[in-house]
>>> print(open('coords-v3.cif').read())   # mmCIF, C-alpha atoms
data_run
#
loop_
_atom_site.label_atom_id
_atom_site.label_comp_id
_atom_site.auth_asym_id
_atom_site.auth_seq_id
_atom_site.Cartn_x
_atom_site.Cartn_y
_atom_site.Cartn_z
CA MET A 1 102.47 134.40 60.85
CA HIS A 2 105.29 132.11 59.80
CA THR A 3 105.69 130.90 63.40
CA ILE A 4 101.98 130.17 63.66
CA LYS A 5 102.05 128.11 60.48
CA LEU A 6 105.04 126.22 61.81
CA VAL A 7 103.25 125.44 65.07
CA CYS A 8 100.13 124.29 63.23
CA ALA A 9 102.27 122.03 61.04
CA CYS A 10 103.84 120.54 64.18
CA LEU A 11 100.38 119.93 65.67
CA LEU A 12 99.25 118.11 62.53
CA THR A 13 102.42 116.03 62.46
CA PHE A 14 101.91 115.00 66.07
CA ALA A 15 98.29 114.12 65.34
CA PHE A 16 99.28 111.83 62.47
CA LEU A 17 102.00 110.23 64.60
CA ALA A 18 99.39 109.57 67.29
CA LEU A 19 97.50 107.26 64.98
CA GLY A 20 100.48 105.00 64.55
CA TYR A 21 102.14 105.44 67.92
CA ASN A 22 102.49 102.13 69.75
CA PRO A 23 105.41 102.05 72.16
CA VAL A 24 106.96 98.67 72.95
CA HIS A 25 108.15 97.97 76.47
CA ALA A 26 109.95 94.81 77.50
CA GLN A 27 108.52 92.76 80.37
CA GLN A 28 105.39 94.81 80.60
CA LYS A 29 102.73 92.89 82.48
CA PHE A 30 99.44 92.72 80.67
CA GLU A 31 96.44 92.78 82.94
CA ARG A 32 93.01 94.03 82.10
CA GLU A 33 89.85 93.90 84.12
CA ILE A 34 86.35 94.48 82.81
CA ARG A 35 82.99 94.62 84.50
CA ILE A 36 80.72 91.74 83.52
CA ARG A 37 77.13 90.71 84.16
CA PRO A 38 76.38 87.99 86.73
CA GLN A 39 75.16 85.76 83.86
CA ALA A 40 78.72 85.65 82.47
CA VAL A 41 80.14 84.22 85.70
CA PRO A 42 80.74 80.44 86.21
CA ALA A 43 77.88 78.86 88.15
CA ALA A 44 80.20 77.69 90.94
CA ALA A 45 81.43 81.23 91.60
CA GLU A 46 77.90 82.63 91.49
CA ALA A 47 76.72 79.94 93.93
CA PHE A 48 79.60 80.67 96.34
CA VAL A 49 78.79 84.36 96.50
CA SER A 50 75.01 83.86 96.69
CA ALA A 51 75.51 81.70 99.77
CA CYS A 52 77.14 84.47 101.76
CA ILE A 53 76.35 87.85 100.18
CA ASP A 54 73.05 89.52 99.26
CA LYS A 55 72.59 89.24 95.50
CA GLY A 56 72.01 92.92 94.74
CA LYS A 57 75.23 94.05 96.34
CA VAL A 58 77.69 92.20 94.13
CA ARG A 59 79.69 93.57 91.17
CA TRP A 60 81.49 91.08 88.95
CA TYR A 61 84.75 91.59 87.08
CA LYS A 62 86.78 89.49 84.71
CA GLU A 63 90.54 89.85 85.02
CA ILE A 64 92.36 89.05 81.81
CA ASN A 65 96.06 88.22 81.99
CA LEU A 66 98.45 86.84 79.41
CA GLY A 67 97.28 83.29 78.79
CA PHE A 68 94.69 83.06 81.56
CA TYR A 69 91.82 84.87 83.18
CA SER A 70 89.98 84.89 86.49
CA PHE A 71 86.79 86.27 88.02
CA GLU A 72 86.40 88.62 90.93
CA ALA A 73 83.33 89.60 92.92
CA LYS A 74 83.31 92.93 94.75
CA ALA A 75 80.70 93.01 97.46
CA THR A 76 79.66 94.78 100.64
CA ARG A 77 78.27 92.95 103.65
CA ASN A 78 77.49 94.64 106.97
CA GLY A 79 79.44 97.70 105.84
CA ARG A 80 82.55 95.67 105.04
CA HIS A 81 84.08 95.55 101.59
CA TYR A 82 85.02 92.12 100.23
CA SER A 83 86.91 90.98 97.13
CA ILE A 84 86.32 87.33 96.29
CA GLU A 85 88.55 85.85 93.61
CA PHE A 86 87.87 82.75 91.51
CA ASP A 87 89.78 80.96 88.78
CA SER A 88 88.38 80.65 85.25
CA LEU A 89 86.27 77.61 86.27
CA GLY A 90 84.76 79.36 89.27
CA VAL A 91 86.91 77.67 91.93
CA ILE A 92 87.49 79.95 94.92
CA GLN A 93 91.05 81.32 95.22
CA ASP A 94 90.90 83.77 98.11
CA VAL A 95 88.73 86.26 99.96
CA GLU A 96 89.94 89.73 100.95
CA MET A 97 88.31 92.20 103.31
CA VAL A 98 89.32 95.86 103.64
CA ILE A 99 90.17 96.84 107.22
CA ARG A 100 91.87 99.67 109.06
CA PHE A 101 95.43 99.18 110.25
CA ASP A 102 94.38 99.69 113.88
CA HIS A 103 91.97 96.75 113.55
CA LEU A 104 95.01 94.46 113.67
CA THR A 105 96.23 93.26 117.05
CA ASN A 106 98.95 95.34 118.71
CA VAL A 107 101.47 92.53 118.24
CA VAL A 108 100.82 92.34 114.47
CA GLN A 109 100.79 96.15 114.11
CA HIS A 110 104.14 96.30 115.88
CA ALA A 111 105.68 93.57 113.70
CA ILE A 112 104.50 95.23 110.48
CA THR A 113 105.58 98.70 111.62
CA GLU A 114 109.05 97.38 112.44
CA GLU A 115 109.32 95.79 109.01
CA LEU A 116 108.29 98.99 107.22
CA THR A 117 110.48 101.22 109.40
CA GLY A 118 113.47 99.02 108.60
CA ARG A 119 112.87 99.30 104.86
CA CYS A 120 111.79 102.93 104.43
CA SER A 121 113.06 106.25 105.68
CA LYS A 122 109.41 107.33 105.56
CA TYR A 123 106.28 105.32 104.72
CA ARG A 124 102.52 105.68 104.45
CA ILE A 125 100.06 102.81 104.50
CA THR A 126 97.32 103.33 101.93
CA ARG A 127 95.35 100.06 102.07
CA VAL A 128 95.09 97.13 104.47
CA GLN A 129 93.20 93.90 103.75
CA ARG A 130 92.76 90.61 105.51
CA GLN A 131 93.23 87.77 103.05
CA TRP A 132 91.83 84.31 103.65
CA THR A 133 92.46 81.08 101.75
CA GLY A 134 90.92 77.71 102.50
CA THR A 135 87.94 75.52 101.67
CA ALA A 136 84.86 77.04 100.06
CA ARG A 137 82.72 76.16 103.09
CA GLY A 138 85.26 77.66 105.49
CA LEU A 139 85.58 80.90 103.52
CA GLN A 140 81.81 81.30 103.26
CA ALA A 141 81.58 80.94 107.02
CA VAL A 142 84.32 83.55 107.54
CA ILE A 143 82.38 86.03 105.41
CA ARG A 144 79.10 85.27 107.19
CA GLU A 145 80.28 84.93 110.79
CA GLY A 146 83.80 86.40 110.85
CA SER A 147 85.41 83.11 111.91
CA THR A 148 84.94 79.35 111.57
CA ALA A 149 86.08 76.04 113.02
CA GLU A 150 87.03 74.95 109.49
CA GLN A 151 90.70 75.22 108.61
CA TYR A 152 91.72 78.36 106.75
CA THR A 153 94.78 80.59 106.45
CA GLU A 154 94.81 84.28 107.20
CA ARG A 155 97.30 86.78 105.81
CA ILE A 156 97.50 90.57 105.83
CA GLU A 157 97.92 92.47 102.58
CA ILE A 158 99.23 96.00 102.83
CA VAL A 159 99.79 98.62 100.14
CA PHE A 160 102.21 101.31 101.24
CA SER A 161 104.32 104.07 99.79
CA CYS A 162 107.90 104.00 100.92
CA LYS A 163 110.74 106.49 100.58
CA ILE A 164 114.13 104.91 99.96
CA ASP A 165 117.01 107.36 99.33
CA LYS A 166 114.42 110.12 98.82
CA ALA A 167 112.77 108.16 95.99
CA PRO A 168 109.10 107.27 96.59
CA VAL A 169 108.13 103.68 95.72
CA LEU A 170 104.76 101.93 96.03
CA TYR A 171 104.68 98.36 97.39
CA GLU A 172 102.18 95.60 97.99
CA ALA A 173 103.29 93.40 100.89
CA LEU A 174 101.86 90.13 102.14
CA PHE A 175 102.33 89.29 105.82
CA ASP A 176 101.35 86.14 107.66
CA ALA A 177 98.85 86.32 110.54
CA GLN A 178 101.70 87.11 112.98
CA GLY A 179 102.97 90.03 110.88
CA LYS A 180 105.97 88.28 109.33
CA LEU A 181 106.69 89.44 105.76
CA GLU A 182 106.04 86.70 103.18
CA ASN A 183 106.09 88.56 99.89
CA LEU A 184 106.85 92.05 98.58
CA LEU A 185 105.90 93.40 95.16
CA GLU A 186 106.67 96.79 93.70
CA ILE A 187 103.62 98.43 92.15
CA ILE A 188 104.27 100.58 89.11
CA PRO A 189 101.82 103.48 89.53
CA ARG A 190 99.62 104.23 86.55
CA ASN A 191 100.54 107.18 84.39
CA THR A 192 98.37 110.11 85.49
CA ASP A 193 99.65 112.81 83.12
CA ASN A 194 96.07 113.71 82.16
CA LEU A 195 95.38 114.70 85.78
CA ASP A 196 98.77 116.32 86.48
CA TYR A 197 98.83 118.86 83.62
CA MET B 1 81.27 126.87 58.02
CA LYS B 2 78.79 128.62 60.35
CA LEU B 3 78.54 126.75 63.60
CA TYR B 4 76.19 129.06 65.52
CA TRP B 5 74.33 126.04 66.96
CA ILE B 6 77.30 125.31 69.27
CA VAL B 7 76.48 128.31 71.43
CA PRO B 8 72.88 127.47 72.45
CA ALA B 9 73.74 123.78 72.78
CA LEU B 10 76.58 124.38 75.18
CA THR B 11 74.66 127.09 77.01
CA THR B 12 71.86 124.63 77.73
CA CYS B 13 74.38 122.10 78.97
CA PHE B 14 75.75 124.41 81.58
CA CYS B 15 72.37 125.84 82.59
CA GLN B 16 73.64 129.39 82.80
CA THR B 17 71.47 132.45 83.17
CA ILE B 18 73.20 134.74 80.78
CA ALA B 19 72.69 138.46 80.53
CA ALA B 20 72.01 139.70 77.02
CA GLN B 21 75.09 141.89 76.94
CA SER B 22 77.48 139.15 78.07
CA SER B 23 80.05 138.30 75.48
CA TYR B 24 80.96 134.81 74.39
CA ARG B 25 83.52 132.91 72.42
CA ALA B 26 83.15 129.41 71.06
CA GLY B 27 85.62 127.21 69.29
CA CYS B 28 88.15 124.41 69.44
CA LEU B 29 91.02 123.94 71.87
CA PRO B 30 93.41 121.25 70.60
CA GLN B 31 96.22 120.42 72.98
CA ILE B 32 99.24 118.13 72.90
CA ASN B 33 100.97 117.08 76.11
CA LEU B 34 104.33 115.40 75.73
CA THR B 35 105.96 114.03 78.90
CA THR B 36 109.30 112.34 79.36
CA ASP B 37 111.27 111.04 82.34
CA ILE B 38 114.53 112.89 82.92
CA THR B 39 115.85 110.87 85.86
CA GLY B 40 114.18 108.78 88.57
CA ASN B 41 112.14 111.51 90.25
CA TRP B 42 112.27 114.18 87.56
CA ARG B 43 109.99 114.60 84.55
CA ALA B 44 109.63 117.18 81.82
CA ASN B 45 106.42 118.17 80.08
CA LEU B 46 105.89 120.06 76.84
CA ARG B 47 102.42 121.38 76.09
CA ILE B 48 101.28 122.93 72.86
CA GLU B 49 97.80 124.40 72.81
CA SER B 50 96.10 126.31 70.06
CA ARG B 51 92.78 128.21 70.01
CA GLN B 52 90.53 128.21 66.98
CA ILE B 53 87.47 130.45 67.26
CA LEU B 54 84.32 129.44 65.39
CA SER B 55 81.93 132.07 66.69
CA GLU B 56 82.06 135.13 68.96
CA GLY B 57 79.98 138.14 69.95
CA THR B 58 77.34 138.99 72.52
CA PHE B 59 74.39 136.73 73.22
CA ASP B 60 71.93 138.96 71.39
CA HIS B 61 74.26 139.75 68.52
CA ILE B 62 76.78 137.56 66.77
CA GLU B 63 79.52 139.91 65.66
CA LYS B 64 81.70 137.49 63.81
CA GLY B 65 81.09 134.05 62.50
CA GLY B 66 83.27 131.53 60.83
CA TYR B 67 86.71 130.30 61.63
CA ARG B 68 89.43 132.47 63.14
CA TYR B 69 92.76 131.35 64.49
CA GLU B 70 93.47 133.12 67.78
CA ARG B 71 96.68 131.99 69.43
CA THR B 72 99.15 129.23 70.30
CA ASP B 73 100.70 128.52 73.69
CA ILE B 74 103.93 126.56 74.04
CA ALA B 75 104.74 125.59 77.60
CA GLY B 76 107.52 123.61 79.26
CA LEU B 77 107.35 122.29 82.78
CA VAL B 78 109.88 120.41 84.91
CA LEU B 79 108.44 118.33 87.74
CA ARG B 80 109.84 116.48 90.70
CA LYS B 81 108.01 113.57 92.27
CA THR B 82 107.98 114.20 96.02
CA ALA B 83 105.77 111.25 97.03
CA ILE B 84 103.59 108.65 95.32
CA GLY B 85 101.10 110.69 93.30
CA THR B 86 102.55 114.04 94.36
CA THR B 87 104.68 116.38 92.26
CA ILE B 88 105.97 119.92 92.42
CA GLY B 89 107.06 121.74 89.32
CA ALA B 90 108.00 124.97 87.64
CA GLY B 91 107.89 126.07 84.05
CA TYR B 92 107.72 128.69 81.35
CA MET B 93 105.17 129.37 78.63
CA ILE B 94 105.29 131.56 75.56
CA ARG B 95 102.04 132.76 73.98
CA LEU B 96 102.01 133.67 70.31
CA GLU B 97 99.05 135.84 69.39
CA GLY B 98 98.72 138.14 66.41
CA GLY B 99 102.40 138.95 66.16
CA THR B 100 102.77 139.62 69.88
CA LYS B 101 104.33 137.45 72.54
CA ALA B 102 103.49 136.97 76.21
CA HIS B 103 105.73 135.19 78.71
CA ARG B 104 104.37 133.23 81.65
CA PHE B 105 106.23 131.66 84.56
CA THR B 106 104.44 128.86 86.37
CA GLN B 107 104.82 127.02 89.68
CA GLN B 108 102.60 124.07 90.51
CA TYR B 109 101.84 121.40 93.07
CA SER B 110 99.70 118.41 92.15
CA SER B 111 98.45 115.44 94.06
CA ILE B 112 96.69 112.33 92.77
CA GLY B 113 94.58 110.09 94.99
CA ARG B 114 91.87 107.45 94.86
CA LEU B 115 88.29 107.58 96.03
CA GLY B 116 86.74 104.17 95.37
CA VAL B 117 86.86 103.66 91.62
CA LEU B 118 87.55 107.36 91.03
CA ARG B 119 91.05 108.65 90.54
CA THR B 120 91.10 112.17 91.88
CA GLY B 121 93.56 114.96 91.28
CA GLN B 122 94.19 118.32 92.86
CA ARG B 123 96.44 121.01 91.48
CA VAL B 124 97.49 124.36 92.86
CA THR B 125 99.23 126.67 90.45
CA THR B 126 100.58 130.19 90.57
CA ASP B 127 101.66 132.01 87.44
CA GLN B 128 102.99 135.38 86.42
CA THR B 129 102.49 136.77 82.92
CA ILE B 130 104.41 139.61 81.32
CA SER B 131 103.91 141.07 77.87
CA ARG B 132 104.95 144.32 76.22
CA GLY B 133 102.45 147.17 76.77
CA GLU B 134 100.24 145.08 79.06
CA PRO B 135 99.99 145.10 82.87
CA PHE B 136 101.62 142.33 84.88
CA VAL B 137 99.18 139.48 85.57
CA PHE B 138 99.36 137.22 88.61
CA ARG B 139 97.05 134.21 88.95
CA LEU B 140 96.39 131.71 91.71
CA ARG B 141 94.63 128.59 90.46
CA TYR B 142 93.07 125.58 92.13
CA ARG B 143 91.81 122.63 90.11
CA ILE B 144 90.07 119.49 91.25
CA SER B 145 89.69 116.56 88.84
CA ALA B 146 88.09 113.16 88.81
CA GLU B 147 88.72 110.33 86.38
CA ILE B 148 85.92 107.80 86.14
CA PRO B 149 86.57 104.42 84.50
CA LEU B 150 83.80 103.48 82.08
CA GLN B 151 84.78 99.80 81.83
CA GLY B 152 85.63 98.32 85.22
CA ARG B 153 87.40 99.65 88.28
CA ASN B 154 90.60 100.85 86.61
CA VAL B 155 91.30 102.54 83.32
CA ASP B 156 93.24 99.78 81.58
CA PRO B 157 94.85 100.00 78.13
CA GLY B 158 92.25 100.20 75.40
CA GLU B 159 89.52 101.37 77.78
CA TRP B 160 87.38 104.49 77.93
CA TYR B 161 87.05 106.91 80.79
CA ALA B 162 85.33 110.15 81.69
CA LYS B 163 87.15 113.07 83.26
CA LEU B 164 85.70 116.06 85.09
CA ASN B 165 87.70 119.17 85.95
CA ASN B 166 86.63 122.18 87.96
CA GLU B 167 89.09 125.03 88.29
CA TYR B 168 89.00 128.37 90.09
CA LEU B 169 91.36 131.18 89.12
CA GLY B 170 92.00 134.28 91.17
CA ILE B 171 93.44 136.90 88.83
CA LEU B 172 95.32 140.10 89.62
CA ASP B 173 95.53 141.98 86.33
CA GLY B 174 97.45 145.20 86.94
CA ARG B 175 95.48 146.46 89.92
CA ALA B 176 92.17 144.79 89.00
CA LEU B 177 91.09 141.65 90.81
CA GLY B 178 89.04 139.07 88.97
CA MET B 179 87.93 135.49 89.11
CA GLU B 180 87.43 132.84 86.47
CA VAL B 181 85.78 129.48 86.83
CA ARG B 182 86.35 126.58 84.45
CA ALA B 183 84.45 123.33 84.07
CA VAL B 184 85.56 120.55 81.75
CA GLY B 185 83.90 117.22 81.05
CA VAL B 186 85.65 114.93 78.62
CA VAL B 187 85.53 111.38 77.38
CA GLY B 188 88.96 109.82 77.06
CA LEU B 189 90.47 106.75 75.47
CA ASN B 190 93.46 105.20 77.22
CA ILE B 191 95.15 103.79 74.13
CA SER B 192 98.03 102.61 76.30
CA ASP B 193 99.42 103.73 79.64
CA ARG B 194 101.54 106.21 77.70
CA ASN B 195 99.05 107.43 75.14
CA LYS B 196 95.64 108.99 75.81
CA LEU B 197 93.11 110.93 73.78
CA GLU B 198 90.43 113.19 75.28
CA LEU B 199 87.50 115.08 73.78
CA GLY B 200 84.79 117.15 75.41
CA PRO B 201 83.35 120.58 76.28
CA ASP B 202 85.34 123.15 78.25
CA TYR B 203 83.38 126.06 79.70
CA ARG B 204 84.99 129.16 81.21
CA THR B 205 83.41 132.22 82.74
CA ASN B 206 84.28 135.28 84.75
CA ALA B 207 80.58 135.78 85.61
CA PHE B 208 81.40 135.83 89.33
CA SER B 209 83.57 138.93 88.92
CA ALA B 210 82.49 142.56 88.64
CA GLY B 211 82.49 144.13 85.17
CA ALA B 212 81.74 142.76 81.73
CA GLN B 213 80.89 139.10 81.71
CA ARG B 214 82.62 136.73 79.34
CA HIS B 215 81.65 133.16 78.60
CA GLN B 216 83.86 130.79 76.68
CA PHE B 217 82.70 127.52 75.15
CA TRP B 218 85.46 125.32 73.84
CA LEU B 219 85.60 121.89 72.34
CA TYR B 220 88.67 120.51 74.08
CA MET B 221 90.79 117.95 72.24
CA GLY B 222 93.72 116.60 74.22
CA TRP B 223 96.45 114.14 73.38
CA TYR B 224 98.76 112.95 76.17
CA VAL B 225 101.91 111.10 75.23
CA THR B 226 104.69 109.86 77.49
CA ILE B 227 107.95 108.91 75.82
#
>>> encode(input="coords-v3.cif", output="C-alpha cells")
Amino acid sequence: MHTIKLVCACLLTFAFLALGYNPVHAQQKFEREIRIRPQAVPAAAEAFVSACIDKGKVRWYKEINLGFYSFEAKATRNGRHYSIEFDSLGVIQDVEMVIRFDHLTNVVQHAITEELTGRCSKYRITRVQRQWTGTARGLQAVIREGSTAEQYTERIEIVFSCKIDKAPVLYEALFDAQGKLENLLEIIPRNTDNLDY
Amino acid sequence: MKLYWIVPALTTCFCQTIAAQSSYRAGCLPQINLTTDITGNWRANLRIESRQILSEGTFDHIEKGGYRYERTDIAGLVLRKTAIGTTIGAGYMIRLEGGTKAHRFTQQYSSIGRLGVLRTGQRVTTDQTISRGEPFVFRLRYRISAEIPLQGRNVDPGEWYAKLNNEYLGILDGRALGMEVRAVGVVGLNISDRNKLELGPDYRTNAFSAGAQRHQFWLYMGWYVTI
C-alpha cells in the first residue's frame, strides 16, 4: 500500500511539473504551418493558382517562421501533386512537383546515385520533387503544359535517409538539372514517442 | 461518485453487440512516458501507468460502483534506432497490484512512416510475464497507429492532433490461447516537440476468444515527455 501511495504521489508530481514544463533549446528553428481559407491568401497568389489549377483542388497553408511568413498552395492536377510557394505579398517563389526517381533521365539518376553512394554506406530515397523557379508566366505554363519557351530553372529536390558510421540521418538535398549537388540540409525528424511506445 | 453513464456511452461508441453475461470494467488509465537520449542511436523510456476503476460488473448487473484503485505498472525500455523512424528495443516492467508483483520482459520493433498528411506507426511486441502462483504468460502483439494533424499538414508545436490505435494481442496463458483486441482514439496537444498530452477512450475486448467475454472501457490520459 505504501508503494502504491508513493507511485500515485510521483504521478501527481509529474502532472504538476507538466503544467510548467517548457524546455529551452538553443538554435531551435521555429516553423509552423497552418491551413487557411482561400480568402486569407494574397490576391496575387490566388490569381496565379487559379490560372493553372482547378479551384476546388487547392489547399492553402500559411508558413510562419521567425520574423516572416509565406503562403503555400497544395494542389493536384492531372494526378500530379504540386506545391506552389509564395512570399507574404503573394509573389511566386517556386513550384514543386512530386515525381518518382525513375522519372528522371538515366544520366541524372546516375549522377545522384553516385553522390548518395559516396556519402552513405546505405541510403533510401523517400521523396523526389522537381523544383522550378522563374517568371510567373513561365511557371504557370510549366504546370499547365509541362514545359515552356519562357526561361525557368529546374532543380531536383530529394529527401533521403543515409547511414553514416551506422548512424541513420535524414537529409534534404537540392541538385541542379544535371544531377550536381547544390545544397544539403540535415532534417531533424520529429519526435514520435507517442507512436513508438 | 457514480459514473454508470460511462458504460452505455462508450458501448454505443464502439457499436458492440454485447451478451448479457459479458463482464465489463470502466475507468481511467493515466500514463506518463518519459524518454531520454542515452547516446546517438540509443534511447531509454520510462512508463508509469495506473488503473483506476470507476465501475465494473456484468452488463445486466453492476456489481460494484464507485472508485477503486487497481494497479500500477512501471516499465523501462531501452531502444536502438536502426534506421530513420525504425527502432528495436527491450525492457522490463513490474506490476504492483494488491500487494502482489508481476514481472514482464518485453521486446519490440517499431516503425514510423508517412501516408500523405498521416503519420503512421507499426509496432510488433513480444512479452513474457511471470508472477508467483500464476501461469507463465506469453503475448505477441501487433499495433497499427495513425496520427492525424488537426491544424495543417504537420503537427507543429502548440497544435492539436488525433491519434488512432488498433492493436491485436495473441495470448498464451499457461496452456490457454486467447486473443485481445484494443482500439484507442485520442485527441492530443503537441505542447512542444518534447511534450505531448493525450486524452481519449481506450476499448479492449477478448470477445473474439472462446470463454467468458470481457470488455474494458478506459479513459486514457497520456503525457509524453522527452528530456
>>> closest_residue(input="coords-v3.cif", among="B:Ile130, B:Glu49, B:Trp42, B:Asn195", to="Pro30 (chain B)", atoms="all atoms listed in the file")
B:Glu49
>>> resolve_selection(input="coords-v3.cif", expression="the PyMOL selection byres ((chain A) within 6 of (chain B))", output="tab-separated table (two decimals) with C-alpha atoms, keeping the file's coordinate frame")
chain	number	residue	atom	x	y	z
A	32	ARG	CA	93.01	94.03	82.10
A	34	ILE	CA	86.35	94.48	82.81
A	35	ARG	CA	82.99	94.62	84.50
A	168	PRO	CA	109.10	107.27	96.59
A	191	ASN	CA	100.54	107.18	84.39
A	195	LEU	CA	95.38	114.70	85.78
>>> resolve_selection(input="coords-v3.cif", expression="the PyMOL selection byres ((chain A and resi 144) around 10)", output="list in words")
Ala51, Cys52, Ile53, Arg77, Asn78, Gly138, Leu139, Gln140, Ala141, Val142, Ile143, Glu145, Gly146, Ser147 and Thr148 of chain A
>>> write_last_selection(input="coords-v3.cif", atoms="C-alpha atoms", output="PDB file, keeping the file's coordinate frame")
ATOM      1  CA  ALA A  51      75.510  81.700  99.770  1.00  0.00           C
ATOM      2  CA  CYS A  52      77.140  84.470 101.760  1.00  0.00           C
ATOM      3  CA  ILE A  53      76.350  87.850 100.180  1.00  0.00           C
ATOM      4  CA  ARG A  77      78.270  92.950 103.650  1.00  0.00           C
ATOM      5  CA  ASN A  78      77.490  94.640 106.970  1.00  0.00           C
ATOM      6  CA  GLY A 138      85.260  77.660 105.490  1.00  0.00           C
ATOM      7  CA  LEU A 139      85.580  80.900 103.520  1.00  0.00           C
ATOM      8  CA  GLN A 140      81.810  81.300 103.260  1.00  0.00           C
ATOM      9  CA  ALA A 141      81.580  80.940 107.020  1.00  0.00           C
ATOM     10  CA  VAL A 142      84.320  83.550 107.540  1.00  0.00           C
ATOM     11  CA  ILE A 143      82.380  86.030 105.410  1.00  0.00           C
ATOM     12  CA  GLU A 145      80.280  84.930 110.790  1.00  0.00           C
ATOM     13  CA  GLY A 146      83.800  86.400 110.850  1.00  0.00           C
ATOM     14  CA  SER A 147      85.410  83.110 111.910  1.00  0.00           C
ATOM     15  CA  THR A 148      84.940  79.350 111.570  1.00  0.00           C
TER      16      THR A 148
END
>>> atom_distance(input="coords-v3.cif", atom1="CA of Gln129 (chain A)", atom2="CA of Glu154 (chain A)")
10.3 Å
>>> closest_residue(input="coords-v3.cif", among="A:Ile125, A:Ala149, A:Val108, A:Ile84", to="Phe71 (chain A)", atoms="only C-alpha atoms")
A:Ile84
>>> atom_distance(input="coords-v3.cif", atom1="CA of Tyr168 (chain B)", atom2="CA of Arg182 (chain B)")
6.5 Å
>>> resolve_selection(input="coords-v3.cif", expression="the PyMOL selection byres ((chain B and resi 140) around 8)", output="list in words")
Val124, Thr125, Thr126, Asp127, Phe138, Arg139, Arg141, Tyr142, Leu169, Gly170 and Ile171 of chain B
>>> residues_near_point(input="coords-v3.cif", point="(89.4, 128.3, 82.0)", cutoff="7 Å", atoms="only C-alpha atoms", output="PyMOL selection string")
chain B and resi 180-182+203-204
>>> atom_distance(input="coords-v3.cif", atom1="CA of Asn65 (chain A)", atom2="CA of Glu85 (chain A)")
14.0 Å
